[in-house]
$ cat data-v2.cif   # mmCIF, N, CA and C atoms
data_final
#
loop_
_atom_site.label_atom_id
_atom_site.label_comp_id
_atom_site.auth_asym_id
_atom_site.auth_seq_id
_atom_site.Cartn_x
_atom_site.Cartn_y
_atom_site.Cartn_z
N MET A 1072 -23.17 37.99 -21.14
CA MET A 1072 -21.77 38.31 -21.01
C MET A 1072 -20.98 37.03 -20.79
N PRO A 1073 -19.88 36.84 -21.54
CA PRO A 1073 -19.10 35.60 -21.40
C PRO A 1073 -18.39 35.54 -20.05
N HIS A 1074 -18.19 34.31 -19.58
CA HIS A 1074 -17.53 34.09 -18.30
C HIS A 1074 -16.01 34.00 -18.41
N LYS A 1075 -15.52 33.76 -19.60
CA LYS A 1075 -14.07 33.66 -19.78
C LYS A 1075 -13.69 34.45 -21.03
N PRO A 1076 -12.45 34.91 -21.09
CA PRO A 1076 -12.04 35.69 -22.26
C PRO A 1076 -11.89 34.80 -23.50
N ALA A 1077 -12.10 35.39 -24.65
CA ALA A 1077 -11.92 34.67 -25.89
C ALA A 1077 -10.44 34.39 -26.11
N ARG A 1078 -10.14 33.29 -26.72
CA ARG A 1078 -8.75 32.93 -26.98
C ARG A 1078 -8.55 32.76 -28.48
N PRO A 1079 -7.31 32.83 -28.95
CA PRO A 1079 -7.06 32.70 -30.38
C PRO A 1079 -7.45 31.31 -30.91
N CYS A 1080 -7.86 31.28 -32.14
CA CYS A 1080 -8.18 30.01 -32.81
C CYS A 1080 -6.92 29.17 -32.93
N LYS A 1081 -7.05 27.85 -32.78
CA LYS A 1081 -5.90 26.94 -32.86
C LYS A 1081 -5.40 26.74 -34.29
N TYR A 1082 -6.19 27.11 -35.27
CA TYR A 1082 -5.77 26.90 -36.65
C TYR A 1082 -4.59 27.82 -36.95
N PRO A 1083 -3.51 27.30 -37.52
CA PRO A 1083 -2.31 28.11 -37.78
C PRO A 1083 -2.62 29.31 -38.69
N GLY A 1084 -2.25 30.48 -38.25
CA GLY A 1084 -2.40 31.69 -39.04
C GLY A 1084 -3.76 32.36 -38.92
N CYS A 1085 -4.71 31.75 -38.21
CA CYS A 1085 -6.04 32.34 -38.07
C CYS A 1085 -5.99 33.49 -37.05
N VAL A 1086 -6.63 34.60 -37.39
CA VAL A 1086 -6.60 35.78 -36.51
C VAL A 1086 -7.87 35.89 -35.66
N HIS A 1087 -8.82 35.00 -35.84
CA HIS A 1087 -10.08 35.05 -35.10
C HIS A 1087 -9.90 34.52 -33.68
N THR A 1088 -10.84 34.90 -32.82
CA THR A 1088 -10.87 34.38 -31.45
C THR A 1088 -12.12 33.53 -31.27
N THR A 1089 -12.11 32.72 -30.23
CA THR A 1089 -13.24 31.82 -29.99
C THR A 1089 -13.48 31.62 -28.50
N LEU A 1090 -14.72 31.32 -28.18
CA LEU A 1090 -15.10 30.93 -26.82
C LEU A 1090 -15.35 29.42 -26.74
N ALA A 1091 -15.29 28.74 -27.89
CA ALA A 1091 -15.59 27.30 -27.95
C ALA A 1091 -14.53 26.50 -27.18
N SER A 1092 -14.98 25.44 -26.52
CA SER A 1092 -14.07 24.62 -25.73
C SER A 1092 -13.10 23.84 -26.61
N ILE A 1093 -13.44 23.62 -27.89
CA ILE A 1093 -12.55 22.87 -28.77
C ILE A 1093 -11.37 23.70 -29.23
N GLY A 1094 -11.47 25.02 -29.12
CA GLY A 1094 -10.34 25.90 -29.44
C GLY A 1094 -10.29 26.40 -30.86
N TYR A 1095 -11.29 26.08 -31.70
CA TYR A 1095 -11.31 26.53 -33.08
C TYR A 1095 -12.46 27.51 -33.27
N CYS A 1096 -12.25 28.49 -34.14
CA CYS A 1096 -13.33 29.44 -34.46
C CYS A 1096 -14.36 28.73 -35.33
N GLN A 1097 -15.47 29.42 -35.62
CA GLN A 1097 -16.55 28.78 -36.38
C GLN A 1097 -16.12 28.40 -37.79
N SER A 1098 -15.25 29.17 -38.39
CA SER A 1098 -14.83 28.85 -39.76
C SER A 1098 -13.83 27.68 -39.81
N HIS A 1099 -13.20 27.33 -38.69
CA HIS A 1099 -12.22 26.24 -38.68
C HIS A 1099 -12.61 25.07 -37.78
N GLU A 1100 -13.83 25.09 -37.24
CA GLU A 1100 -14.21 24.03 -36.30
C GLU A 1100 -14.25 22.64 -36.95
N HIS A 1101 -14.36 22.57 -38.27
CA HIS A 1101 -14.36 21.27 -38.94
C HIS A 1101 -12.97 20.60 -38.91
N PHE A 1102 -11.93 21.34 -38.51
CA PHE A 1102 -10.60 20.75 -38.36
C PHE A 1102 -10.42 20.04 -37.02
N TYR A 1103 -11.34 20.26 -36.11
CA TYR A 1103 -11.23 19.62 -34.79
C TYR A 1103 -11.40 18.11 -34.91
N GLN A 1104 -10.48 17.39 -34.30
CA GLN A 1104 -10.57 15.94 -34.26
C GLN A 1104 -10.61 15.52 -32.79
N PRO A 1105 -11.71 14.91 -32.36
CA PRO A 1105 -11.78 14.51 -30.96
C PRO A 1105 -10.73 13.44 -30.66
N PRO A 1106 -10.25 13.40 -29.42
CA PRO A 1106 -9.25 12.39 -29.07
C PRO A 1106 -9.78 10.98 -29.30
N GLN A 1107 -8.94 10.13 -29.84
CA GLN A 1107 -9.33 8.75 -30.13
C GLN A 1107 -9.08 7.88 -28.92
N ARG A 1108 -10.07 7.19 -28.48
CA ARG A 1108 -9.90 6.25 -27.38
C ARG A 1108 -9.54 4.90 -27.97
N THR A 1109 -8.47 4.33 -27.45
CA THR A 1109 -8.05 3.03 -27.94
C THR A 1109 -8.58 1.95 -27.01
N ILE A 1110 -9.02 0.88 -27.60
CA ILE A 1110 -9.50 -0.26 -26.83
C ILE A 1110 -8.28 -1.06 -26.40
N GLU A 1111 -8.22 -1.41 -25.14
CA GLU A 1111 -7.09 -2.18 -24.62
C GLU A 1111 -7.07 -3.55 -25.29
N THR A 1112 -6.05 -3.78 -26.10
CA THR A 1112 -5.95 -5.05 -26.81
C THR A 1112 -4.86 -5.94 -26.23
N ARG A 1113 -4.19 -5.47 -25.20
CA ARG A 1113 -3.12 -6.27 -24.60
C ARG A 1113 -3.73 -7.47 -23.87
N PRO A 1114 -3.20 -8.65 -24.13
CA PRO A 1114 -3.73 -9.84 -23.45
C PRO A 1114 -3.47 -9.79 -21.94
N SER A 1115 -4.19 -10.59 -21.20
CA SER A 1115 -4.01 -10.62 -19.75
C SER A 1115 -2.62 -11.15 -19.41
N SER A 1116 -2.19 -10.90 -18.19
CA SER A 1116 -0.86 -11.34 -17.78
C SER A 1116 -0.76 -12.87 -17.80
N ALA A 1117 -1.83 -13.56 -17.47
CA ALA A 1117 -1.79 -15.03 -17.49
C ALA A 1117 -1.60 -15.56 -18.90
N THR A 1118 -2.24 -14.96 -19.91
CA THR A 1118 -2.06 -15.42 -21.28
C THR A 1118 -0.70 -15.02 -21.84
N ARG A 1119 -0.04 -14.03 -21.23
CA ARG A 1119 1.31 -13.65 -21.65
C ARG A 1119 2.38 -14.48 -20.95
N GLY A 1120 1.99 -15.43 -20.11
CA GLY A 1120 2.96 -16.32 -19.48
C GLY A 1120 3.26 -16.02 -18.02
N TYR A 1121 2.55 -15.07 -17.43
CA TYR A 1121 2.79 -14.69 -16.04
C TYR A 1121 1.65 -15.22 -15.16
N ASN A 1122 1.57 -16.54 -15.04
CA ASN A 1122 0.50 -17.18 -14.28
C ASN A 1122 0.97 -17.50 -12.86
N SER A 1123 0.29 -18.39 -12.18
CA SER A 1123 0.64 -18.73 -10.80
C SER A 1123 2.01 -19.39 -10.71
N ASN A 1124 2.40 -20.12 -11.75
CA ASN A 1124 3.74 -20.71 -11.78
C ASN A 1124 4.80 -19.61 -11.75
N TRP A 1125 4.56 -18.51 -12.50
CA TRP A 1125 5.48 -17.38 -12.50
C TRP A 1125 5.55 -16.73 -11.13
N GLN A 1126 4.41 -16.60 -10.45
CA GLN A 1126 4.40 -15.98 -9.13
C GLN A 1126 5.28 -16.76 -8.15
N THR A 1127 5.26 -18.09 -8.26
CA THR A 1127 6.12 -18.94 -7.42
C THR A 1127 7.59 -18.69 -7.72
N ILE A 1128 7.93 -18.65 -9.01
CA ILE A 1128 9.32 -18.41 -9.43
C ILE A 1128 9.77 -17.02 -8.98
N ARG A 1129 8.89 -16.03 -9.13
CA ARG A 1129 9.20 -14.66 -8.72
C ARG A 1129 9.52 -14.60 -7.23
N ASP A 1130 8.70 -15.24 -6.41
CA ASP A 1130 8.95 -15.26 -4.97
C ASP A 1130 10.27 -15.94 -4.63
N GLU A 1131 10.61 -17.02 -5.35
CA GLU A 1131 11.87 -17.72 -5.12
C GLU A 1131 13.07 -16.81 -5.44
N VAL A 1132 12.98 -16.07 -6.53
CA VAL A 1132 14.07 -15.18 -6.94
C VAL A 1132 14.25 -14.06 -5.91
N LEU A 1133 13.15 -13.46 -5.49
CA LEU A 1133 13.24 -12.37 -4.52
C LEU A 1133 13.77 -12.88 -3.17
N GLN A 1134 13.37 -14.07 -2.78
CA GLN A 1134 13.85 -14.65 -1.52
C GLN A 1134 15.33 -14.98 -1.62
N ALA A 1135 15.76 -15.51 -2.77
CA ALA A 1135 17.17 -15.87 -2.96
C ALA A 1135 18.08 -14.64 -2.90
N HIS A 1136 17.56 -13.48 -3.27
CA HIS A 1136 18.35 -12.25 -3.22
C HIS A 1136 18.19 -11.51 -1.91
N GLY A 1137 17.49 -12.10 -0.94
CA GLY A 1137 17.40 -11.53 0.39
C GLY A 1137 16.47 -10.35 0.54
N ILE A 1138 15.47 -10.26 -0.32
CA ILE A 1138 14.52 -9.15 -0.23
C ILE A 1138 13.41 -9.56 0.73
N PRO A 1139 13.18 -8.76 1.79
CA PRO A 1139 12.15 -9.11 2.77
C PRO A 1139 10.75 -9.12 2.15
N LYS A 1140 9.85 -9.91 2.73
CA LYS A 1140 8.49 -10.02 2.20
C LYS A 1140 7.77 -8.68 2.16
N SER A 1141 8.04 -7.82 3.15
CA SER A 1141 7.35 -6.53 3.20
C SER A 1141 7.74 -5.62 2.04
N GLU A 1142 8.92 -5.82 1.44
CA GLU A 1142 9.39 -4.97 0.35
C GLU A 1142 9.17 -5.59 -1.02
N ARG A 1143 8.73 -6.83 -1.10
CA ARG A 1143 8.60 -7.53 -2.38
C ARG A 1143 7.62 -6.90 -3.35
N PRO A 1144 6.51 -6.29 -2.89
CA PRO A 1144 5.61 -5.68 -3.87
C PRO A 1144 6.25 -4.54 -4.66
N SER A 1145 7.30 -3.92 -4.14
CA SER A 1145 7.94 -2.81 -4.86
C SER A 1145 9.02 -3.29 -5.83
N TYR A 1146 9.20 -4.60 -5.96
CA TYR A 1146 10.21 -5.15 -6.86
C TYR A 1146 9.56 -5.87 -8.04
N ASP A 1147 10.23 -5.81 -9.19
CA ASP A 1147 9.90 -6.61 -10.36
C ASP A 1147 11.08 -7.52 -10.62
N VAL A 1148 10.84 -8.62 -11.31
CA VAL A 1148 11.92 -9.54 -11.67
C VAL A 1148 12.17 -9.38 -13.16
N HIS A 1149 13.39 -9.01 -13.50
CA HIS A 1149 13.79 -8.72 -14.87
C HIS A 1149 14.34 -9.98 -15.55
N HIS A 1150 13.85 -10.25 -16.76
CA HIS A 1150 14.34 -11.37 -17.58
C HIS A 1150 15.46 -10.88 -18.49
N THR A 1151 16.55 -11.64 -18.56
CA THR A 1151 17.62 -11.37 -19.51
C THR A 1151 17.89 -12.66 -20.28
N PRO A 1152 17.70 -12.68 -21.58
CA PRO A 1152 17.16 -11.66 -22.47
C PRO A 1152 15.67 -11.46 -22.22
N GLU A 1153 15.07 -10.52 -22.95
CA GLU A 1153 13.65 -10.19 -22.75
C GLU A 1153 12.78 -11.44 -22.90
N TYR A 1154 11.80 -11.57 -22.01
CA TYR A 1154 10.93 -12.74 -21.99
C TYR A 1154 10.08 -12.81 -23.25
N ASN A 1155 10.12 -13.98 -23.92
CA ASN A 1155 9.30 -14.22 -25.09
C ASN A 1155 8.78 -15.64 -25.00
N PRO A 1156 7.50 -15.83 -24.63
CA PRO A 1156 6.96 -17.17 -24.45
C PRO A 1156 6.90 -17.98 -25.74
N GLU A 1157 6.94 -17.33 -26.90
CA GLU A 1157 6.92 -18.06 -28.17
C GLU A 1157 8.26 -18.74 -28.43
N ILE A 1158 9.34 -18.14 -27.96
CA ILE A 1158 10.67 -18.72 -28.16
C ILE A 1158 11.01 -19.66 -27.01
N GLU A 1159 10.89 -19.18 -25.78
CA GLU A 1159 11.21 -19.99 -24.59
C GLU A 1159 10.20 -19.68 -23.49
N PRO A 1160 9.19 -20.54 -23.31
CA PRO A 1160 8.18 -20.26 -22.29
C PRO A 1160 8.63 -20.51 -20.85
N ASN A 1161 9.75 -21.23 -20.66
CA ASN A 1161 10.22 -21.57 -19.32
C ASN A 1161 10.96 -20.38 -18.72
N HIS A 1162 10.41 -19.81 -17.66
CA HIS A 1162 11.04 -18.65 -17.01
C HIS A 1162 12.41 -18.99 -16.44
N ARG A 1163 12.61 -20.20 -16.02
CA ARG A 1163 13.88 -20.58 -15.39
C ARG A 1163 15.04 -20.64 -16.39
N ALA A 1164 14.75 -20.60 -17.67
CA ALA A 1164 15.80 -20.62 -18.69
C ALA A 1164 16.43 -19.24 -18.86
N TYR A 1165 15.83 -18.21 -18.27
CA TYR A 1165 16.32 -16.85 -18.38
C TYR A 1165 17.14 -16.50 -17.14
N LYS A 1166 17.98 -15.48 -17.28
CA LYS A 1166 18.64 -14.92 -16.10
C LYS A 1166 17.63 -13.98 -15.45
N LEU A 1167 17.29 -14.23 -14.19
CA LEU A 1167 16.27 -13.45 -13.49
C LEU A 1167 16.93 -12.58 -12.42
N THR A 1168 16.68 -11.28 -12.50
CA THR A 1168 17.29 -10.31 -11.59
C THR A 1168 16.21 -9.45 -10.97
N PRO A 1169 16.19 -9.30 -9.63
CA PRO A 1169 15.20 -8.41 -9.03
C PRO A 1169 15.63 -6.95 -9.18
N LEU A 1170 14.67 -6.12 -9.59
CA LEU A 1170 14.90 -4.68 -9.72
C LEU A 1170 13.71 -3.95 -9.12
N LEU A 1171 13.97 -2.77 -8.57
CA LEU A 1171 12.86 -1.94 -8.12
C LEU A 1171 11.96 -1.63 -9.31
N HIS A 1172 10.66 -1.51 -9.05
CA HIS A 1172 9.70 -1.34 -10.13
C HIS A 1172 10.06 -0.17 -11.06
N GLU A 1173 10.39 0.99 -10.47
CA GLU A 1173 10.70 2.16 -11.31
C GLU A 1173 11.96 1.94 -12.14
N VAL A 1174 12.93 1.23 -11.60
CA VAL A 1174 14.16 0.94 -12.35
C VAL A 1174 13.86 -0.02 -13.48
N HIS A 1175 13.04 -1.02 -13.19
CA HIS A 1175 12.67 -2.01 -14.21
C HIS A 1175 11.92 -1.31 -15.35
N SER A 1176 11.02 -0.40 -15.02
CA SER A 1176 10.28 0.33 -16.05
C SER A 1176 11.21 1.16 -16.91
N ARG A 1177 12.16 1.84 -16.28
CA ARG A 1177 13.13 2.64 -17.03
C ARG A 1177 13.98 1.76 -17.93
N LEU A 1178 14.40 0.64 -17.43
CA LEU A 1178 15.23 -0.28 -18.21
C LEU A 1178 14.47 -0.81 -19.41
N ARG A 1179 13.21 -1.19 -19.21
CA ARG A 1179 12.40 -1.71 -20.30
C ARG A 1179 12.17 -0.62 -21.35
N ASN A 1180 11.87 0.59 -20.91
CA ASN A 1180 11.67 1.68 -21.86
C ASN A 1180 12.94 2.00 -22.62
N HIS A 1181 14.08 1.94 -21.93
CA HIS A 1181 15.36 2.19 -22.59
C HIS A 1181 15.65 1.12 -23.64
N SER A 1182 15.39 -0.14 -23.31
CA SER A 1182 15.68 -1.23 -24.24
C SER A 1182 14.75 -1.20 -25.44
N ARG A 1183 13.61 -0.55 -25.32
CA ARG A 1183 12.67 -0.44 -26.43
C ARG A 1183 12.81 0.89 -27.17
N GLY A 1184 13.86 1.64 -26.86
CA GLY A 1184 14.12 2.88 -27.55
C GLY A 1184 13.33 4.06 -27.03
N ARG A 1185 12.79 3.95 -25.82
CA ARG A 1185 12.03 5.05 -25.22
C ARG A 1185 12.72 5.43 -23.93
N GLY A 1186 12.63 6.67 -23.56
CA GLY A 1186 13.08 7.07 -22.23
C GLY A 1186 14.49 7.57 -22.16
N ILE A 1187 15.14 7.30 -21.04
CA ILE A 1187 16.43 7.90 -20.72
C ILE A 1187 17.55 7.33 -21.59
N GLU A 1188 18.62 8.08 -21.67
CA GLU A 1188 19.74 7.73 -22.53
C GLU A 1188 20.57 6.58 -21.99
N SER A 1189 20.82 6.57 -20.69
CA SER A 1189 21.68 5.53 -20.15
C SER A 1189 21.20 5.11 -18.77
N LEU A 1190 21.56 3.94 -18.39
CA LEU A 1190 21.21 3.42 -17.07
C LEU A 1190 22.47 2.93 -16.39
N GLU A 1191 22.58 3.23 -15.12
CA GLU A 1191 23.67 2.69 -14.34
C GLU A 1191 23.04 1.88 -13.22
N LEU A 1192 23.27 0.58 -13.26
CA LEU A 1192 22.70 -0.30 -12.25
C LEU A 1192 23.83 -0.92 -11.44
N SER A 1193 23.70 -0.86 -10.16
CA SER A 1193 24.61 -1.62 -9.31
C SER A 1193 23.74 -2.57 -8.53
N SER A 1194 24.21 -3.76 -8.29
CA SER A 1194 23.32 -4.75 -7.70
C SER A 1194 23.12 -4.54 -6.20
N ARG A 1195 24.16 -4.66 -5.40
CA ARG A 1195 24.00 -4.53 -3.95
C ARG A 1195 25.32 -4.08 -3.33
N ASP A 1196 25.20 -3.39 -2.19
CA ASP A 1196 26.42 -3.05 -1.47
C ASP A 1196 26.79 -4.22 -0.55
N ARG A 1197 27.83 -4.09 0.22
CA ARG A 1197 28.33 -5.21 1.03
C ARG A 1197 27.34 -5.67 2.09
N SER A 1198 26.46 -4.80 2.54
CA SER A 1198 25.49 -5.20 3.57
C SER A 1198 24.32 -5.98 2.98
N GLY A 1199 24.24 -6.06 1.64
CA GLY A 1199 23.15 -6.79 1.01
C GLY A 1199 21.95 -5.91 0.70
N LYS A 1200 22.06 -4.61 0.99
CA LYS A 1200 20.95 -3.70 0.76
C LYS A 1200 21.00 -3.20 -0.69
N ALA A 1201 19.83 -3.05 -1.29
CA ALA A 1201 19.77 -2.59 -2.68
C ALA A 1201 20.30 -1.18 -2.79
N THR A 1202 21.08 -0.94 -3.84
CA THR A 1202 21.65 0.40 -4.04
C THR A 1202 21.29 0.94 -5.42
N PHE A 1203 20.17 0.53 -5.97
CA PHE A 1203 19.77 1.00 -7.29
C PHE A 1203 19.45 2.48 -7.25
N PHE A 1204 20.12 3.26 -8.08
CA PHE A 1204 19.89 4.69 -8.20
C PHE A 1204 19.89 5.39 -6.85
N SER A 1205 20.80 5.02 -5.99
CA SER A 1205 20.87 5.68 -4.69
C SER A 1205 21.49 7.06 -4.85
N THR A 1206 21.06 7.98 -4.03
CA THR A 1206 21.60 9.34 -4.06
C THR A 1206 22.16 9.67 -2.70
N LYS A 1207 23.16 10.52 -2.69
CA LYS A 1207 23.79 10.91 -1.42
C LYS A 1207 23.03 12.12 -0.87
N MET A 1208 22.63 12.01 0.36
CA MET A 1208 21.88 13.08 1.02
C MET A 1208 22.86 13.98 1.76
N GLU A 1209 22.69 15.28 1.64
CA GLU A 1209 23.50 16.23 2.36
C GLU A 1209 22.64 16.99 3.36
N ILE A 1210 23.17 17.18 4.55
CA ILE A 1210 22.46 17.94 5.56
C ILE A 1210 22.97 19.36 5.52
N ILE A 1211 22.02 20.31 5.35
CA ILE A 1211 22.39 21.72 5.26
C ILE A 1211 21.96 22.38 6.56
N ASP A 1212 22.92 23.03 7.21
CA ASP A 1212 22.62 23.73 8.47
C ASP A 1212 22.12 25.13 8.23
#
$ encode --input "data-v2.cif" --output "structure tokens"
Amino acid sequence: MPHKPARPCKYPGCVHTTLASIGYCQSHEHFYQPPQRTIETRPSSATRGYNSNWQTIRDEVLQAHGIPKSERPSYDVHHTPEYNPEIEPNHRAYKLTPLLHEVHSRLRNHSRGRGIESLELSSRDRSGKATFFSTKMEIID
């Protein structure tokens, strides 16, 4: 006796059911394509230009913007224009701005045509505290 109910075949228009984990009935199982694993071909961060020299520059930028050491791991430093070591390998030639990691990821995805439609970034409020994507909290009684 089967332990789980049969489910419809994944092949479009097929009326058969299957217990197979691949989701195709016996007559359509040849259509199953196992997921392709891609080999990581991205070079290491050091070969992309983010070596110990970059770490020093990154710390200088974060310190210059008043970010405490305890909060620095949650920040990324954004290059404007986008960093390209083939055109300009010197990080100091770019405008460097500290951004929270999640904001930096959204910005990069947006600039590459992926992700959210628009970004609103504000740098800092008068107290010097970061206000990136801040939300107003309401207390409900």
$ resolve_selection --input "data-v2.cif" --expression "the PyMOL selection byres ((chain A and resi 1077-1084) around 7)" --output "NGL selection string"
:A and (1075-1076 or 1085-1091 or 1093-1096 or 1099)
$ resolve_selection --input "data-v2.cif" --expression "the PyMOL selection byres ((chain A and resi 1146-1158) around 6)" --output "list in words"
Glu1142, Arg1143, Pro1144, Ser1145, Glu1159, Pro1160, Tyr1165, Lys1166, Leu1167, Thr1168, Pro1169, Leu1170, Leu1171 and His1172 of chain A
$ closest_residue --input "data-v2.cif" --among "A:Gln1097, A:Gln1104, A:Ser1141, A:Asn1161" --to "A:Asn1122" --atoms "only C-alpha atoms"
A:Asn1161
$ atom_distance --input "data-v2.cif" --atom1 "atom N of A:Trp1125" --atom2 "atom N of A:Pro1139"
19.3 Å
$ atom_distance --input "data-v2.cif" --atom1 "atom N of A:Arg1177" --atom2 "atom C of A:Thr1127"
22.7 Å
$ select_by_dssp --input "data-v2.cif" --residues "stretch 1129-1161 of chain A" --states "helix (DSSP H, G or I)" --output "list in words"
Arg1129, Asp1130, Glu1131, Val1132, Leu1133, Gln1134, Ala1135, Lys1140, Ser1141, Glu1142, Arg1143, Pro1144 and Ser1145 of chain A
$ atom_distance --input "data-v2.cif" --atom1 "atom C of A:Glu1173" --atom2 "atom CA of A:Leu1133"
16.3 Å
$ axis_aligned_box --input "data-v2.cif" --around "stretch 1105-1108 of chain A" --padding-each-side "8 Å" --output "lines of an AutoDock Vina configuration file"
center_x = -10.4
center_y = 9.9
center_z = -29.9
size_x = 18.8
size_y = 26.0
size_z = 21.0
$ select_by_dssp --input "data-v2.cif" --residues "stretch 1075-1138 of chain A" --states "strand (DSSP E)" --output "ChimeraX atom specification"
/A:1078-1079,1088-1089
$ residues_near_point --input "data-v2.cif" --point "(17.8, -21.7, -8.6)" --cutoff "8 Å" --atoms "all atoms listed in the file" --output "VMD selection string"
chain A and resid 1131 to 1132 1163
